Every structure is written in structure tokens, then in C-alpha cells.
file start-v3.cif (mmCIF, C-alpha atoms)
data_entry
loop_
_atom_site.label_atom_id
_atom_site.label_comp_id
_atom_site.auth_asym_id
_atom_site.auth_seq_id
_atom_site.Cartn_x
_atom_site.Cartn_y
_atom_site.Cartn_z
CA MET A 90 87.09 104.27 69.35
CA ASN A 91 85.26 107.53 68.83
CA LEU A 92 85.62 110.62 71.03
CA LEU A 93 82.15 110.32 72.56
CA SER A 94 82.79 106.74 73.69
CA SER A 95 86.17 107.77 75.10
CA LEU A 96 84.59 110.64 77.01
CA LEU A 97 81.81 108.45 78.40
CA ILE A 98 84.31 105.81 79.51
CA ALA A 99 86.46 108.53 81.08
CA ILE A 100 83.51 109.95 82.98
CA GLY A 101 82.37 106.52 84.11
CA LEU A 102 85.81 105.46 85.34
CA SER A 103 86.46 108.83 86.99
CA MET A 104 83.36 108.70 89.16
CA ASP A 105 85.02 106.40 91.72
CA ALA A 106 87.94 108.80 91.98
CA MET A 107 85.58 111.75 92.21
CA ALA A 108 83.55 110.04 94.94
CA VAL A 109 86.72 109.44 96.97
CA ALA A 110 87.84 113.03 96.31
CA VAL A 111 84.48 114.29 97.56
CA SER A 112 84.85 112.30 100.77
CA SER A 113 88.41 113.62 101.14
CA GLY A 114 87.15 117.17 100.73
CA VAL A 115 84.51 116.55 103.37
CA ALA A 116 87.13 115.21 105.81
CA VAL A 117 89.07 118.47 106.09
CA LYS A 118 87.96 121.97 106.95
CA VAL A 119 89.76 123.70 104.08
CA PRO A 120 91.87 121.54 101.77
CA ALA A 121 95.19 123.09 100.75
CA ARG A 122 95.58 123.68 97.03
CA SER A 123 98.72 121.53 97.03
CA ASP A 124 96.79 118.64 98.64
CA THR A 125 94.05 118.94 96.03
CA MET A 126 96.63 118.94 93.22
CA ARG A 127 98.51 115.91 94.62
CA LEU A 128 95.30 113.90 95.03
CA SER A 129 94.07 114.86 91.56
CA ALA A 130 97.40 114.18 89.86
CA LEU A 131 97.80 110.77 91.49
CA PHE A 132 94.24 109.77 90.65
CA GLY A 133 94.67 110.88 87.03
CA VAL A 134 98.01 109.12 86.56
CA PHE A 135 96.79 105.90 88.19
CA GLN A 136 93.60 105.84 86.08
CA CYS A 137 95.59 106.35 82.86
CA VAL A 138 98.32 103.84 83.66
CA MET A 139 95.96 101.16 84.95
CA LEU A 140 93.75 101.45 81.86
CA LEU A 141 96.81 101.01 79.64
CA ALA A 142 98.09 98.09 81.75
CA GLY A 143 94.72 96.36 81.46
CA TRP A 144 94.65 97.00 77.72
CA LEU A 145 98.17 95.61 77.24
CA PHE A 146 97.26 92.48 79.19
CA GLY A 147 93.96 92.14 77.34
CA ALA A 148 95.61 92.65 73.94
CA GLY A 149 97.83 89.68 74.72
CA VAL A 150 94.86 87.39 75.27
CA ARG A 151 92.61 88.83 72.54
CA GLY A 152 93.49 86.10 70.05
CA PHE A 153 92.21 83.49 72.46
CA VAL A 154 88.76 84.98 72.84
CA GLY A 155 87.77 85.20 69.16
CA ALA A 156 84.14 86.10 68.51
CA THR A 157 83.30 86.22 72.22
CA HIS A 158 85.01 89.59 72.74
CA PRO A 159 81.80 91.67 72.81
CA TYR A 160 80.38 89.38 75.48
CA ILE A 161 83.55 89.57 77.54
CA ALA A 162 83.70 93.36 77.22
CA PHE A 163 80.04 93.63 78.21
CA ALA A 164 80.51 91.26 81.17
CA LEU A 165 83.55 93.13 82.48
CA LEU A 166 82.06 96.60 82.11
CA ALA A 167 78.68 95.49 83.45
CA PHE A 168 80.36 93.80 86.42
CA ILE A 169 82.43 96.88 87.23
CA GLY A 170 79.43 99.18 86.80
CA ALA A 171 77.15 96.96 88.88
CA ARG A 172 79.78 96.80 91.62
CA MET A 173 80.01 100.59 91.64
CA ILE A 174 76.21 100.87 91.82
CA VAL A 175 76.02 98.40 94.72
CA GLU A 176 78.82 100.23 96.54
CA SER A 177 76.99 103.52 96.09
CA LEU A 178 73.90 102.07 97.75
CA ARG A 179 75.72 100.63 100.78
CA ASP A 180 75.56 102.54 104.04
CA LYS A 181 78.98 104.06 104.53
CA ALA A 182 78.20 105.84 107.78
CA GLY A 183 81.07 105.82 110.19
CA VAL A 184 83.70 105.43 107.46
CA ALA A 185 86.26 108.19 107.79
CA TYR A 186 89.87 108.76 106.85
CA ALA A 187 92.31 109.99 109.48
CA ASP A 188 94.18 112.15 106.96
CA PRO A 189 93.01 111.70 103.36
CA PHE A 190 95.92 113.75 102.02
CA ASP A 191 98.69 111.72 103.68
CA GLY A 192 101.08 110.31 101.04
CA LYS A 193 100.47 106.63 101.82
CA THR A 194 96.72 107.15 102.02
CA LEU A 195 96.73 108.94 98.66
CA LEU A 196 98.62 106.07 97.00
CA VAL A 197 96.22 103.48 98.40
CA MET A 198 93.18 105.50 97.36
CA ALA A 199 94.62 106.13 93.87
CA PHE A 200 95.31 102.43 93.39
CA ALA A 201 91.94 101.36 94.78
CA THR A 202 89.99 103.75 92.57
CA SER A 203 91.94 102.68 89.46
CA ILE A 204 91.33 98.93 89.70
CA ASP A 205 88.17 99.45 87.67
CA ALA A 206 90.28 101.11 84.98
CA LEU A 207 92.51 98.02 84.85
CA ALA A 208 89.52 95.75 84.29
CA ALA A 209 88.01 98.19 81.78
CA GLY A 210 91.30 98.17 79.87
CA VAL A 211 91.12 94.38 79.58
CA GLY A 212 87.54 94.67 78.37
CA LEU A 213 88.45 97.32 75.80
CA ALA A 214 91.42 95.29 74.54
CA VAL A 215 89.25 92.35 73.58
CA THR A 216 87.22 94.67 71.34
CA GLY A 217 90.39 95.46 69.38
CA ASP A 218 90.13 99.21 70.00
CA PHE A 219 93.36 101.19 70.24
CA ILE A 220 93.05 103.17 73.49
CA TRP A 221 96.08 105.43 73.89
CA ALA A 222 94.02 108.56 73.37
CA THR A 223 91.26 107.14 75.56
CA ALA A 224 93.78 106.50 78.36
CA LEU A 225 94.93 110.12 78.22
CA ILE A 226 91.33 111.33 78.26
CA VAL A 227 90.60 109.06 81.24
CA GLY A 228 93.65 110.40 83.09
CA PHE A 229 92.72 114.01 82.41
CA MET A 230 89.07 113.43 83.33
CA ALA A 231 90.07 111.71 86.59
CA PHE A 232 92.37 114.64 87.39
CA ALA A 233 89.72 117.26 86.65
CA LEU A 234 86.83 115.49 88.37
CA SER A 235 88.98 114.68 91.41
CA ALA A 236 89.97 118.33 91.81
CA LEU A 237 86.34 119.31 91.41
CA GLY A 238 85.33 116.56 93.85
CA VAL A 239 87.58 117.86 96.62
CA LYS A 240 86.09 121.33 96.24
CA MET A 241 82.52 120.05 96.00
CA GLY A 242 83.01 117.69 98.93
CA ASN A 243 84.23 120.54 100.99
CA ARG A 244 81.14 122.55 100.08
CA LEU A 245 78.32 120.08 99.52
CA GLY A 246 79.01 117.27 101.98
CA ARG A 247 78.67 113.54 101.68
CA ILE A 248 75.39 113.36 99.77
CA PHE A 249 77.02 113.77 96.35
CA GLU A 250 79.43 110.87 96.92
CA LYS A 251 76.78 108.18 96.47
CA ARG A 252 75.28 109.84 93.42
CA ALA A 253 78.66 110.17 91.69
CA GLU A 254 79.49 106.51 92.17
CA LEU A 255 75.97 105.48 91.11
CA LEU A 256 76.22 107.56 87.94
CA GLY A 257 79.68 106.18 87.16
CA GLY A 258 78.44 102.61 87.53
CA ALA A 259 75.43 103.28 85.32
CA ILE A 260 77.62 104.79 82.60
CA LEU A 261 79.93 101.75 82.57
CA VAL A 262 76.97 99.35 82.36
CA LEU A 263 75.55 101.37 79.46
CA ILE A 264 78.91 101.37 77.61
CA GLY A 265 79.07 97.58 78.02
CA LEU A 266 75.51 97.27 76.77
CA LYS A 267 76.36 99.47 73.78
CA ILE A 268 79.29 97.18 72.86
CA LEU A 269 77.07 94.11 73.15
CA LEU A 270 74.20 95.63 71.15
CA GLU A 271 76.54 96.81 68.38
CA HIS A 272 77.79 93.24 68.03
CA LEU A 273 74.34 91.68 68.14
CA LEU A 274 72.83 94.14 65.66
CA ALA A 275 75.75 94.01 63.20
#
call {"tool": "encode", "arguments": {"input": "start-v3.cif", "output": "C-alpha cells"}}
result
Amino acid sequence: MNLLSSLLIAIGLSMDAMAVAVSSGVAVKVPARSDTMRLSALFGVFQCVMLLAGWLFGAGVRGFVGATHPYIAFALLAFIGARMIVESLRDKAGVAYADPFDGKTLLVMAFATSIDALAAGVGLAVTGDFIWATALIVGFMAFALSALGVKMGNRLGRIFEKRAELLGGAILVLIGLKILLEHLLA
């Protein structure tokens, strides 16, 4: 997998984490630096590990999918992206976290935002791509965008949250479409 594809996947998968980080930043008056670092580190680690776990699972079933792998990869990435787009368009008024930087809350949010990475890892495995470097890029991108999201959320408010998730979903759909088109045009 080339660097540009890895970066685009990392950005797409990190948008969920960034959207949650933005909402966490909005929920507190001034987030402590240690809270921002804990949130960002957990989000980055979970994104990286879940992508690898999905890839390992997907690599185990790759032999069973044969020539259908581009279609499966497209379907998984398009499904994840479409779900993110739909979520970004839903009215989330009234949804608030009591303490977004509480340890248990952070773990739940990190896991919830990384489920897409698990599914994306399965999709990437069926293409046969080796993703160790991509997983590290995804983890770093999730860390960086989450830290930025907390700061931006604290400054810009809730408006950016929907746009981040919408953009992330669109990127994943486009990556899936790219995989499908490369197969069809080959």
C-alpha cells in the first residue's frame, strides 16, 4: 500500500475519533493537558490495534474470498463511510457526556471510535496489502487529530463535529471506490 493511500485511510478512520474529541473539548471549560494526552493516546492506540486485529482476522479468511476481495473491501469501506455520513447528519442535540475525560468513559469512547478501524482492517486484509506501517500511521493520525479536536472543540464548538465525521465517511467511501475501480479497470 502506498503512503498516500495509508494517509487517506488514516485521516478517514481518525475523523470519528476527532469528532468525539471535539465534543469532549466542548464539554469542559478548559481541558487539562493531561486529559487531552490521555484521550489522544487511547484513541491512537485503539485505532492502531483494532486495525491490526481486523487485518489479522481478514488475512485468515482471505483465501476463502478469492477474486471477490475488491468487492468485499469496497462494500466494507463504503458501509463504514456511509454509516459515518449518516451519523454526521443525525440531530445529536441533547447528547452530552457527564465527564468525557473519566477513565471508563475514555475507554468506551476509544473502543467505539475504533470499531470502524476493525472493519477497515478486515477490508484491507482481503486486498492482500500488508498494513503494519498503515496501522502505525492510523494510530499516529488518530492521536494527533484527537489532540487537535479537543483544542478545536474547546474553541470552535459543536459545529465542526458533524463536518469532521462527514468528511471521514466520504474519504472511506472514496478509498473503497478506488479499490473497486482499480480492480475493474485492471
call {"tool": "residues_around", "arguments": {"input": "start-v3.cif", "residues": "Phe168 (chain A)", "least_positions_apart": "3", "cutoff": "12 Å", "atoms": "all atoms listed in the file", "output": "MDAnalysis selection string"}}
result
chainID A and resid 160:165 171:175 205 208:209 212 258:266
call {"tool": "write_last_selection", "arguments": {"input": "start-v3.cif", "atoms": "C-alpha atoms", "output": "CSV table (one decimal), in the frame of the given file"}}
result
chain,number,residue,atom,x,y,z
A,160,TYR,CA,80.4,89.4,75.5
A,161,ILE,CA,83.6,89.6,77.5
A,162,ALA,CA,83.7,93.4,77.2
A,163,PHE,CA,80.0,93.6,78.2
A,164,ALA,CA,80.5,91.3,81.2
A,165,LEU,CA,83.6,93.1,82.5
A,171,ALA,CA,77.2,97.0,88.9
A,172,ARG,CA,79.8,96.8,91.6
A,173,MET,CA,80.0,100.6,91.6
A,174,ILE,CA,76.2,100.9,91.8
A,175,VAL,CA,76.0,98.4,94.7
A,205,ASP,CA,88.2,99.4,87.7
A,208,ALA,CA,89.5,95.8,84.3
A,209,ALA,CA,88.0,98.2,81.8
A,212,GLY,CA,87.5,94.7,78.4
A,258,GLY,CA,78.4,102.6,87.5
A,259,ALA,CA,75.4,103.3,85.3
A,260,ILE,CA,77.6,104.8,82.6
A,261,LEU,CA,79.9,101.8,82.6
A,262,VAL,CA,77.0,99.4,82.4
A,263,LEU,CA,75.6,101.4,79.5
A,264,ILE,CA,78.9,101.4,77.6
A,265,GLY,CA,79.1,97.6,78.0
A,266,LEU,CA,75.5,97.3,76.8
call {"tool": "residues_around", "arguments": {"input": "start-v3.cif", "residues": "Met90 (chain A)", "least_positions_apart": "2", "cutoff": "9 Å", "atoms": "all atoms listed in the file", "output": "count of residues only"}}
result
8
call {"tool": "residues_around", "arguments": {"input": "start-v3.cif", "residues": "Leu102 (chain A)", "least_positions_apart": "6", "cutoff": "12 Å", "atoms": "only C-alpha atoms", "output": "number ranges by chain"}}
result
A: 95-96, 108, 132-133, 135-137, 139-140, 166, 169-170, 173, 201-210, 223-224, 226-232, 234-235, 253-262, 264
call {"tool": "closest_residue", "arguments": {"input": "start-v3.cif", "among": "A:Val211, A:Ala275, A:Val239, A:Ile268", "to": "Gly143 (chain A)", "atoms": "only C-alpha atoms"}}
result
A:Val211
call {"tool": "axis_aligned_box", "arguments": {"input": "start-v3.cif", "around": "region 201-211 of chain A", "padding_each_side": "3 Å", "output": "JSON"}}
result
{"center_x": 90.3, "center_y": 99.1, "center_z": 87.2, "size_x": 10.5, "size_y": 15.4, "size_z": 21.2}
call {"tool": "atom_distance", "arguments": {"input": "start-v3.cif", "atom1": "CA of Ala106 (chain A)", "atom2": "CA of Phe200 (chain A)"}}
result
9.8 Å
call {"tool": "closest_residue", "arguments": {"input": "start-v3.cif", "among": "A:Leu196, A:Phe190, A:Glu271, A:Arg244", "to": "Arg122 (chain A)", "atoms": "all atoms listed in the file"}}
result
A:Phe190
call {"tool": "atom_distance", "arguments": {"input": "start-v3.cif", "atom1": "CA of Leu225 (chain A)", "atom2": "CA of Ala142 (chain A)"}}
result
12.9 Å
call {"tool": "closest_residue", "arguments": {"input": "start-v3.cif", "among": "A:Arg127, A:Ile100, A:Leu270, A:Asp105", "to": "Pro189 (chain A)", "atoms": "only C-alpha atoms"}}
result
A:Arg127
call {"tool": "resolve_selection", "arguments": {"input": "start-v3.cif", "expression": "the PyMOL selection byres ((chain A and resi 188) around 12)", "output": "list in words"}}
result
Ser112, Ser113, Gly114, Val115, Ala116, Val117, Lys118, Pro120, Asp124, Ala185, Tyr186, Ala187, Pro189, Phe190, Asp191, Gly192, Lys193, Thr194, Leu195 and Met198 of chain A
call {"tool": "decode", "arguments": {"input": "start-v3.cif", "residues": "region 116-127 of chain A", "atoms": "N, CA and C atoms", "output": "PDB file, in the first residue's frame"}}
result
ATOM      1  N   ALA A 116     -17.295  19.943  25.983  1.00  0.00           N
ATOM      2  CA  ALA A 116     -17.967  19.610  27.237  1.00  0.00           C
ATOM      3  C   ALA A 116     -17.281  20.182  28.477  1.00  0.00           C
ATOM      4  N   VAL A 117     -16.062  20.635  28.352  1.00  0.00           N
ATOM      5  CA  VAL A 117     -15.352  21.182  29.514  1.00  0.00           C
ATOM      6  C   VAL A 117     -14.918  22.610  29.232  1.00  0.00           C
ATOM      7  N   LYS A 118     -14.785  23.380  30.302  1.00  0.00           N
ATOM      8  CA  LYS A 118     -14.392  24.776  30.115  1.00  0.00           C
ATOM      9  C   LYS A 118     -12.975  24.885  29.569  1.00  0.00           C
ATOM     10  N   VAL A 119     -12.034  24.282  30.261  1.00  0.00           N
ATOM     11  CA  VAL A 119     -10.642  24.270  29.808  1.00  0.00           C
ATOM     12  C   VAL A 119     -10.093  22.867  30.072  1.00  0.00           C
ATOM     13  N   PRO A 120      -9.887  22.082  29.007  1.00  0.00           N
ATOM     14  CA  PRO A 120      -9.383  20.723  29.229  1.00  0.00           C
ATOM     15  C   PRO A 120      -7.933  20.748  29.722  1.00  0.00           C
ATOM     16  N   ALA A 121      -7.639  19.935  30.717  1.00  0.00           N
ATOM     17  CA  ALA A 121      -6.267  19.818  31.212  1.00  0.00           C
ATOM     18  C   ALA A 121      -5.411  19.148  30.139  1.00  0.00           C
ATOM     19  N   ARG A 122      -4.167  19.520  30.070  1.00  0.00           N
ATOM     20  CA  ARG A 122      -3.257  18.933  29.090  1.00  0.00           C
ATOM     21  C   ARG A 122      -3.159  17.420  29.279  1.00  0.00           C
ATOM     22  N   SER A 123      -3.148  16.969  30.533  1.00  0.00           N
ATOM     23  CA  SER A 123      -3.063  15.533  30.798  1.00  0.00           C
ATOM     24  C   SER A 123      -4.315  14.806  30.296  1.00  0.00           C
ATOM     25  N   ASP A 124      -5.485  15.429  30.418  1.00  0.00           N
ATOM     26  CA  ASP A 124      -6.715  14.825  29.896  1.00  0.00           C
ATOM     27  C   ASP A 124      -6.666  14.721  28.375  1.00  0.00           C
ATOM     28  N   THR A 125      -6.193  15.772  27.741  1.00  0.00           N
ATOM     29  CA  THR A 125      -6.063  15.760  26.278  1.00  0.00           C
ATOM     30  C   THR A 125      -5.100  14.665  25.835  1.00  0.00           C
ATOM     31  N   MET A 126      -3.988  14.508  26.533  1.00  0.00           N
ATOM     32  CA  MET A 126      -2.997  13.495  26.171  1.00  0.00           C
ATOM     33  C   MET A 126      -3.539  12.079  26.398  1.00  0.00           C
ATOM     34  N   ARG A 127      -4.253  11.862  27.503  1.00  0.00           N
ATOM     35  CA  ARG A 127      -4.830  10.531  27.759  1.00  0.00           C
ATOM     36  C   ARG A 127      -5.847  10.170  26.691  1.00  0.00           C
TER      37      ARG A 127
END
